[in-house]
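Student: Got a structure for you, questions after.
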Amino acid sequence: MDHPPYLRAEELEQFLGDPDDPGTVFSHARSLELDETEAFPADICRVLEDWHLQDFYVPVEHGGRLTDYETVMQVMRTVARRDLTVAVGHGKTYLGGVCVWVSGTAEQAARLAADIRNGVPVSLGLTERAHGSDLLADEVRGEPDGAGGWLVSGEKWLINNATRGSLLSVLTRTDPAGGPRGFSVLLIDKRELGPDHYRCLDKIRTHGIRGADISGIAFDRAPVPATTLVGTEGGGLETVLKALQLTRTMCAALSLGAADHALRLALDFAEERELYARRLVDLPQARQSLAAAAADVLVGEALATVAIRSVHTLTAELGVAAAATKYLVPTGTEQVIAELTRLLGARAILKGVHAGGMFQKVDRDHRVVGLFDGNTLVNLNSLINQFRSLSRGWDRGTGDTVGATAAFDLAVPLPPLDPSRLSLVAKGGSGILATLPASLAELRTEAGHHPALNGALAAAERLLAATHRVHADMAPYRALVSDVPTAAFDVARRYSLCLAGAACLGLWAQNHREALGGRTGGLWRDGTWLWPALDRLLVRLGEQDGPEPEAYPELLAQLREARAAGELFSLLPLKLHSGAHHDAAGHPAHHDAAQQAVPTDTRPAEGAPC
C-alpha cells in the first residue's frame with residue numbers, strides 16, 4: 001500500500017544520500033561532528049533548501065507546496081530521523097509562520113511566503129525568562145506610537161532561531177492590563193529595525209540539539225508599524241493557541257524520527273553483539289525489549305497519522321487530538337529510548353563505540369521535544385479544560401465521527417485546511433473516541449472469519465471498558481478553573497492513551513484490507529501490529545490482566561525483515577537510502593534468526609541490562 005506522503009518522504013530520503021557514508025553532506029558522521037563543536041548545521045540546511053524543503057512550510061494557496069499536513073509530517077520525520085538538530089533548526093520556520101497562516105491577511109501571507117521560499121528563517125517568540133509557559137504573564141509590551149503602530153520593548157528568551165531568524169512572530173502585551181484580550185501577535189522584521197532598537201541574546205548552551213540557535217532577543221522601543229499586526233488587536237492569545245494546535249501536532253514528526261533512529265541503532269547492536277556464545281538478539285530479554293520498543297513506535301506513528309490528518313478532517317476538534325499527541329508521542333518516544341538504553345547498556349552513553357556514539361545524541365536531542373510548544377503538563381491541562389465537553393460528548397455519543405473516519409481512511413483525499421474552523425474547545429466531544437464502538441464491531445466481524453484476530457479483539461474490548469471508566473472519572477473535574485489536582489492530570493493521561501487506542505483501532509479497521517497487499521502487509525495481517533499496540537496502551541493504562549499477546553514474536557520478525565531489506569520499520573512502505581543492512585564487518589547481514597522459534601516469554605517487560 002503506497003501512500004503519497006510516504007512517497008514524498010522517500011523522495012527526500014533518496015535525495016539526501018546514504019547517511020552512513022561520511023562523504024554525504026547530511027551524514028551521521030557530519031551530524032556528530034557538528035554536535036561536538038555545537039555548530040549550526042548550515043551546510044546541511046543548504047542541501048535541504050536545494051530540495052526546496054522550505055516550500056513545504058508555505059500553504060499552496062500562498063505559492064508553497066503545503067497541500068496537506070500529513071505530507072509535511074512525513075517529510076520532517078525523514079529529516080529528524082537523521083538529525084533532530086537539523087529538523088529543529090530548519091523546521092522552526094514552519095512554526096514561525098503558522099500564526100500568519102491562521103490569522104494573517106492575504107498581503108501578510110504573500111510577503112511571508114516569498115521570504116520563506118527564498119530561505120529567510122522565521123521564528124516564533126512566545127516565552128520569556130521569568131514566565132515560561134505562563135503566556136498571560138508575558139511582559140514584552142507594545143506601546144502605541146500615535147500612528148497606529150507600536151514601540152516594542154522587552155525580552156523574549158529561549159527562542160529557537162532568534163538570532164538567525166530575520167522575522168519573528170512575537171506575542172506582545174498591547175494592553176497594559178494584560179488578560180486574555182490583552183495580547184497581540186506582531187510579525188516583526190529585524191531587517192527594518194535599527195541597531196539601537198534590538199539586540200540578540202547570546203546562544204544558550206544545551207545538552208541536546210547543541211548546534212541549534214537557541215537564544216533570545218531584546219527590544220528597546222522598536223518601531224513596529226500597524227501592518228505587522230497578525231489578526232486583531234487583543235486577539236493574539238487566541239491566534240497563538242490555535243496555531244499551537246498545528247505545531248503541537250507537527251512536533252510528532254520530531255519524536256517519530258528520533259524513535260526510528262533509536263530503534264535502528266538498538267536493533268543493529270543486538271544483531272551484532274555476542275554474549276554467552278549467542279547473539280544478543282537471540283536472548284529472551286533482548287527480544288522483549290526490541291518487541292516492546294517496536295510496538296511503541298507503531299503506536300506513536302498511528303496516533304500521529306490520525307492526528308495530522310485530523311488537521312483537515314476534524315479541524316474543530318483538533319485541540320483534543322493535538323494535546324493528546326503532543327503529550328503521548330514525545331513521552332512514548334522517551335520510553336522507547338529508555339527501554340533501548342537498557343538493551344545497549346554502556347554503549348548507549350559512550351562516544352565513538354557503537355555507531356560513533358549516535359545513540360547518546362538521539363537521547364540528548366529528543367529530551368527537548370516534550371518541552372516545545374507546551375510541555376507535558378500544559379498539554380494535559382488543555383485536555384482537563386475540555387473535560388466537560390468531552391465527557392458530555394461520550395455520554396451522548398456525539399463527536400464528528402464522519403471526520404474521524406476520513407482521518408482513519410488513508411484512501412480518502414484530505415480537504416484543504418480551513419483555519420477559521422479551529423476552535424479552542426471541542427464542543428461536541430471527540431469524534432476519534434466516538435468511533436471506538438464501530439471500529440470494535442468491525443474487528444469483531446473480521447475475527448469471526450479470522451480467529452487469529454481474537455487476541456486483538458479481546459484487547460480492544462478491554463480498551464472500550466477502560467474508556468468508559470476514564471470518562472466516568474472525569475466527573476469531579478468538569479468545572480475546574482484553577483488549582484487542578486494531581487488526580488485530574490492522571491485522568492487526562494489515561495484519556496490520551498484511550499484516544500491513541502481508538503486511533504490505532506480506527507486506522508486498522510479502515511485500511512487493513514488494502515494494506516495487506518503492500519510491502520508492509522505482514523504488519524497488518526492477523527493483527528500483527530494492532531494487538532501489541534493495544535497491549536502496550538493497556539499496560540500503560542494499568543489494565544494488565546489480559547493474556548500474553550502471541551503477536552510479539554512476529555512483530556519482532558517484521559522489524560528484522562524491514563531492516564534487512566533496507567526499509568523503514570513503519571506501518572506503510574518507505575525505502576531507506578542505505579539499502580540492505582550490513583553487519584559490522586561490512587558483509588550482508590543474515591537474518592535467519594528472524595524465522596527461528598521464539599521463547600514463549602515474549603511479553604515486553606521493563607527490561608534489564610543485557
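Chain labels run A, B, ... following the order of the C-alpha cells; each chain numbers its residues from 1, and ligands are numbered from 1 in the order shown.
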Hey, what's within 12 Å of A:Gly208 if we count only C-alpha atoms and toss same-chain stuff fewer than 6 positions away? As a list in words, please?

Tutor: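 What passes the distance filter is Leu32, Leu34, Asp35, Glu36, Glu38, Asp83, Leu84, Thr85, Val86, Val88, Ile214, Phe359, Gln360, Lys361, Val362, Asp363, Arg364, Asp365, His366, Arg367, Val368 and Val369 of chain A.
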
Student: Could those selected residues go to a file with C-alpha atoms, as an mmCIF file, in the first residue's frame?

Tutor:
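The file below, again-v3.cif, is the result:
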data_model
loop_
_atom_site.group_PDB
_atom_site.id
_atom_site.type_symbol
_atom_site.label_atom_id
_atom_site.label_comp_id
_atom_site.auth_asym_id
_atom_site.auth_seq_id
_atom_site.Cartn_x
_atom_site.Cartn_y
_atom_site.Cartn_z
ATOM 1 C CA LEU A 32 28.174 14.007 15.198
ATOM 2 C CA LEU A 34 28.630 19.397 14.362
ATOM 3 C CA ASP A 35 27.269 18.199 17.698
ATOM 4 C CA GLU A 36 30.760 18.073 19.160
ATOM 5 C CA GLU A 38 27.997 22.917 18.880
ATOM 6 C CA ASP A 83 19.368 14.532 12.956
ATOM 7 C CA LEU A 84 16.931 16.246 15.303
ATOM 8 C CA THR A 85 19.141 19.327 15.468
ATOM 9 C CA VAL A 86 18.652 19.894 11.746
ATOM 10 C CA VAL A 88 14.558 21.709 14.846
ATOM 11 C CA ILE A 214 18.541 28.625 20.992
ATOM 12 C CA PHE A 359 22.506 6.803 20.338
ATOM 13 C CA GLN A 360 23.510 9.196 23.116
ATOM 14 C CA LYS A 361 22.993 12.116 20.734
ATOM 15 C CA VAL A 362 19.494 10.922 19.814
ATOM 16 C CA ASP A 363 18.717 10.590 23.519
ATOM 17 C CA ARG A 364 20.000 14.069 24.388
ATOM 18 C CA ASP A 365 18.395 15.736 21.405
ATOM 19 C CA HIS A 366 14.964 14.252 21.909
ATOM 20 C CA ARG A 367 14.579 15.357 25.515
ATOM 21 C CA VAL A 368 13.720 18.863 24.374
ATOM 22 C CA VAL A 369 10.787 17.786 22.169
#

Student: How close does each residue of stretch 61-178 of chain A get to stretch 409-428 of chain A, giving the shortest atom pair and distance in Å to one decimal for every residue with an atom at most 10 Å away, counting only C-alpha atoms, sorted by chain and residue number, as CSV?

Tutor:
residue,atom,partner,partner_atom,distance
A:Glu61,CA,A:Pro416,CA,9.6
A:Leu66,CA,A:Pro416,CA,9.8
A:Thr67,CA,A:Pro416,CA,7.0
A:Asp68,CA,A:Leu414,CA,6.9
A:Tyr69,CA,A:Leu417,CA,8.8
A:Glu70,CA,A:Leu414,CA,9.1
A:Trp101,CA,A:Pro419,CA,7.7
A:Val102,CA,A:Pro419,CA,5.4
A:Ser103,CA,A:Pro419,CA,7.8

Student: A:Thr405: which residues within 8 Å, counting only C-alpha atoms, same-chain residues fewer than 6 positions away excluded, as a count of residues only?

Tutor: 4

Student: Need the shell around A:Ala456: protein/DNA/RNA residues with any atom at most 6 Å away, counting only C-alpha atoms. Skip same-chain ones fewer than 3 positions apart. Format as a list in words?

Tutor: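 Listed by chain and then number, they are Leu453, Ala459 and Trp531 of chain A.
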
Student: Let me see the file: selected residues, N, CA, C and O atoms, as a PDB file, in the first residue's frame.

Tutor:
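As written to disk, again_35.pdb reads:
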ATOM      1  N   LEU A 453      -7.314 -13.073  14.896  1.00  0.00           N
ATOM      2  CA  LEU A 453      -7.580 -11.711  15.382  1.00  0.00           C
ATOM      3  C   LEU A 453      -8.234 -11.690  16.760  1.00  0.00           C
ATOM      4  O   LEU A 453      -8.495 -10.612  17.297  1.00  0.00           O
ATOM      5  N   ALA A 459      -8.244  -7.437  23.394  1.00  0.00           N
ATOM      6  CA  ALA A 459      -7.584  -6.209  23.849  1.00  0.00           C
ATOM      7  C   ALA A 459      -8.450  -4.994  23.553  1.00  0.00           C
ATOM      8  O   ALA A 459      -8.557  -4.066  24.370  1.00  0.00           O
ATOM      9  N   TRP A 531      -2.465  -5.850  17.788  1.00  0.00           N
ATOM     10  CA  TRP A 531      -2.551  -6.481  19.107  1.00  0.00           C
ATOM     11  C   TRP A 531      -1.454  -5.975  20.043  1.00  0.00           C
ATOM     12  O   TRP A 531      -1.750  -5.521  21.169  1.00  0.00           O
TER      13      TRP A 531
END

Student: List every residue of stretch 144-316 of chain A that DSSP, applied to the backbone, labels as alpha helix (DSSP H), and write the result as a ChimeraX atom specification.

Tutor: /A:236-250,252-272,284-313

Student: Mind writing the picked residues with C-alpha atoms as a PDB file, in the first residue's frame?

Tutor:
ATOM      1  CA  GLY A 236      -3.021  37.348  19.942  1.00  0.00           C
ATOM      2  CA  LEU A 237      -3.552  34.697  22.577  1.00  0.00           C
ATOM      3  CA  GLU A 238      -6.370  33.087  20.608  1.00  0.00           C
ATOM      4  CA  THR A 239      -4.237  33.135  17.449  1.00  0.00           C
ATOM      5  CA  VAL A 240      -1.310  31.545  19.273  1.00  0.00           C
ATOM      6  CA  LEU A 241      -3.429  28.839  20.908  1.00  0.00           C
ATOM      7  CA  LYS A 242      -4.983  27.904  17.570  1.00  0.00           C
ATOM      8  CA  ALA A 243      -1.578  27.945  15.865  1.00  0.00           C
ATOM      9  CA  LEU A 244      -0.199  25.704  18.601  1.00  0.00           C
ATOM     10  CA  GLN A 245      -2.770  23.063  17.679  1.00  0.00           C
ATOM     11  CA  LEU A 246      -0.991  22.805  14.326  1.00  0.00           C
ATOM     12  CA  THR A 247       2.542  22.997  15.686  1.00  0.00           C
ATOM     13  CA  ARG A 248       1.952  20.575  18.549  1.00  0.00           C
ATOM     14  CA  THR A 249       0.621  18.007  16.116  1.00  0.00           C
ATOM     15  CA  MET A 250       3.591  18.562  13.812  1.00  0.00           C
ATOM     16  CA  ALA A 252       5.170  14.375  16.459  1.00  0.00           C
ATOM     17  CA  ALA A 253       7.442  14.273  13.395  1.00  0.00           C
ATOM     18  CA  LEU A 254      10.436  15.024  15.629  1.00  0.00           C
ATOM     19  CA  SER A 255       9.615  12.212  18.043  1.00  0.00           C
ATOM     20  CA  LEU A 256       8.835   9.727  15.278  1.00  0.00           C
ATOM     21  CA  GLY A 257      12.162  10.423  13.609  1.00  0.00           C
ATOM     22  CA  ALA A 258      14.039  10.024  16.895  1.00  0.00           C
ATOM     23  CA  ALA A 259      12.226   6.754  17.630  1.00  0.00           C
ATOM     24  CA  ASP A 260      13.012   5.423  14.153  1.00  0.00           C
ATOM     25  CA  HIS A 261      16.690   6.193  14.621  1.00  0.00           C
ATOM     26  CA  ALA A 262      16.959   4.826  18.156  1.00  0.00           C
ATOM     27  CA  LEU A 263      15.218   1.581  17.201  1.00  0.00           C
ATOM     28  CA  ARG A 264      17.514   1.049  14.215  1.00  0.00           C
ATOM     29  CA  LEU A 265      20.639   1.650  16.312  1.00  0.00           C
ATOM     30  CA  ALA A 266      19.468  -0.774  19.002  1.00  0.00           C
ATOM     31  CA  LEU A 267      18.488  -3.466  16.509  1.00  0.00           C
ATOM     32  CA  ASP A 268      21.865  -3.229  14.756  1.00  0.00           C
ATOM     33  CA  PHE A 269      23.598  -3.577  18.103  1.00  0.00           C
ATOM     34  CA  ALA A 270      21.514  -6.588  19.060  1.00  0.00           C
ATOM     35  CA  GLU A 271      22.219  -8.266  15.709  1.00  0.00           C
ATOM     36  CA  GLU A 272      25.981  -7.733  16.001  1.00  0.00           C
ATOM     37  CA  PRO A 284      14.850 -13.563  25.521  1.00  0.00           C
ATOM     38  CA  GLN A 285      15.296 -10.283  27.411  1.00  0.00           C
ATOM     39  CA  ALA A 286      16.707  -8.502  24.373  1.00  0.00           C
ATOM     40  CA  ARG A 287      13.826  -9.766  22.262  1.00  0.00           C
ATOM     41  CA  GLN A 288      11.376  -8.454  24.834  1.00  0.00           C
ATOM     42  CA  SER A 289      12.948  -5.012  24.787  1.00  0.00           C
ATOM     43  CA  LEU A 290      13.029  -4.802  20.998  1.00  0.00           C
ATOM     44  CA  ALA A 291       9.441  -6.020  20.643  1.00  0.00           C
ATOM     45  CA  ALA A 292       8.223  -3.511  23.226  1.00  0.00           C
ATOM     46  CA  ALA A 293      10.033  -0.671  21.506  1.00  0.00           C
ATOM     47  CA  ALA A 294       8.751  -1.734  18.090  1.00  0.00           C
ATOM     48  CA  ALA A 295       5.148  -1.751  19.322  1.00  0.00           C
ATOM     49  CA  ASP A 296       5.546   1.656  20.966  1.00  0.00           C
ATOM     50  CA  VAL A 297       6.997   3.141  17.765  1.00  0.00           C
ATOM     51  CA  LEU A 298       3.955   1.971  15.803  1.00  0.00           C
ATOM     52  CA  VAL A 299       1.564   3.351  18.437  1.00  0.00           C
ATOM     53  CA  GLY A 300       3.183   6.747  18.010  1.00  0.00           C
ATOM     54  CA  GLU A 301       3.031   6.511  14.230  1.00  0.00           C
ATOM     55  CA  ALA A 302      -0.643   5.509  14.257  1.00  0.00           C
ATOM     56  CA  LEU A 303      -1.687   8.286  16.642  1.00  0.00           C
ATOM     57  CA  ALA A 304       0.376  10.911  14.827  1.00  0.00           C
ATOM     58  CA  THR A 305      -1.034   9.854  11.453  1.00  0.00           C
ATOM     59  CA  VAL A 306      -4.630  10.157  12.635  1.00  0.00           C
ATOM     60  CA  ALA A 307      -3.934  13.432  14.446  1.00  0.00           C
ATOM     61  CA  ILE A 308      -2.209  15.084  11.498  1.00  0.00           C
ATOM     62  CA  ARG A 309      -4.997  14.040   9.129  1.00  0.00           C
ATOM     63  CA  SER A 310      -7.441  15.463  11.680  1.00  0.00           C
ATOM     64  CA  VAL A 311      -5.988  18.891  10.905  1.00  0.00           C
ATOM     65  CA  HIS A 312      -8.047  18.687   7.718  1.00  0.00           C
ATOM     66  CA  THR A 313     -10.964  16.402   8.610  1.00  0.00           C
TER      67      THR A 313
END

Student: Step one, run DSSP on the backbone; step two, keep only residues of stretch 97-235 of chain A assigned to strand (DSSP E or B); then write them as a PyMOL selection string.

Tutor: chain A and resi 122-125+141-144+150-160+167-173+183-189+198-201+214-224+229-230

Student: Please measure the separation of atom CA of A:Arg469 and atom CA of A:Thr333, giving the value in Å to one decimal.

Tutor: 26.2 Å

Student: Could you give me, as a ChimeraX atom specification, the residues within 10 Å of A:Ala472, counting only C-alpha atoms and dropping anything in the same chain fewer than 2 positions from it?

Tutor: /A:391,394-395,466-470,474-476,491

Student: Would you write out those residues with N, CA, C and O atoms, as an mmCIF file, in the first residue's frame?

Tutor:
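Output (result_30.cif):
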data_model
loop_
_atom_site.group_PDB
_atom_site.id
_atom_site.type_symbol
_atom_site.label_atom_id
_atom_site.label_comp_id
_atom_site.auth_asym_id
_atom_site.auth_seq_id
_atom_site.Cartn_x
_atom_site.Cartn_y
_atom_site.Cartn_z
ATOM 1 N N SER A 391 -16.646 14.617 28.200
ATOM 2 C CA SER A 391 -17.466 13.624 28.903
ATOM 3 C C SER A 391 -18.913 13.674 28.425
ATOM 4 O O SER A 391 -19.561 12.629 28.248
ATOM 5 N N TRP A 394 -19.106 11.956 25.047
ATOM 6 C CA TRP A 394 -19.035 10.497 25.158
ATOM 7 C C TRP A 394 -20.374 9.927 25.622
ATOM 8 O O TRP A 394 -20.863 8.941 25.078
ATOM 9 N N ASP A 395 -20.964 10.571 26.615
ATOM 10 C CA ASP A 395 -22.249 10.091 27.130
ATOM 11 C C ASP A 395 -23.348 10.148 26.076
ATOM 12 O O ASP A 395 -24.230 9.283 26.024
ATOM 13 N N ALA A 466 -12.098 0.340 29.500
ATOM 14 C CA ALA A 466 -11.251 1.335 30.159
ATOM 15 C C ALA A 466 -11.664 2.748 29.773
ATOM 16 O O ALA A 466 -11.634 3.671 30.608
ATOM 17 N N THR A 467 -12.105 2.921 28.540
ATOM 18 C CA THR A 467 -12.529 4.239 28.078
ATOM 19 C C THR A 467 -13.780 4.695 28.804
ATOM 20 O O THR A 467 -13.922 5.878 29.160
ATOM 21 N N HIS A 468 -14.704 3.775 29.034
ATOM 22 C CA HIS A 468 -15.888 4.108 29.832
ATOM 23 C C HIS A 468 -15.472 4.587 31.223
ATOM 24 O O HIS A 468 -16.005 5.586 31.742
ATOM 25 N N ARG A 469 -14.527 3.896 31.831
ATOM 26 C CA ARG A 469 -14.106 4.259 33.188
ATOM 27 C C ARG A 469 -13.416 5.626 33.202
ATOM 28 O O ARG A 469 -13.618 6.422 34.131
ATOM 29 N N VAL A 470 -12.610 5.905 32.203
ATOM 30 C CA VAL A 470 -11.915 7.192 32.158
ATOM 31 C C VAL A 470 -12.919 8.337 32.083
ATOM 32 O O VAL A 470 -12.788 9.346 32.793
ATOM 33 N N MET A 474 -13.860 11.521 34.922
ATOM 34 C CA MET A 474 -13.781 12.962 34.663
ATOM 35 C C MET A 474 -14.760 13.766 35.523
ATOM 36 O O MET A 474 -14.577 14.979 35.715
ATOM 37 N N ALA A 475 -15.787 13.110 36.019
ATOM 38 C CA ALA A 475 -16.903 13.806 36.662
ATOM 39 C C ALA A 475 -16.479 14.837 37.710
ATOM 40 O O ALA A 475 -16.993 15.971 37.698
ATOM 41 N N PRO A 476 -15.569 14.519 38.635
ATOM 42 C CA PRO A 476 -15.251 15.523 39.673
ATOM 43 C C PRO A 476 -14.498 16.739 39.153
ATOM 44 O O PRO A 476 -14.347 17.717 39.880
ATOM 45 N N VAL A 491 -6.165 11.440 35.026
ATOM 46 C CA VAL A 491 -7.311 11.139 34.162
ATOM 47 C C VAL A 491 -7.016 11.594 32.732
ATOM 48 O O VAL A 491 -7.311 10.886 31.766
#

Student: How far is it from atom CA of A:Arg462 to atom CA of A:Cys504, in Å with one decimal?

Tutor: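 Computing the Euclidean distance for atom CA of A:Arg462 and atom CA of A:Cys504 yields 14.1 Å.
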
Student: Within 8 Å of A:Thr398, counting only C-alpha atoms, which residues qualify if same-chain residues fewer than 4 places away don't, as a ChimeraX atom specification?

Tutor: /A:393-394,428-431,434
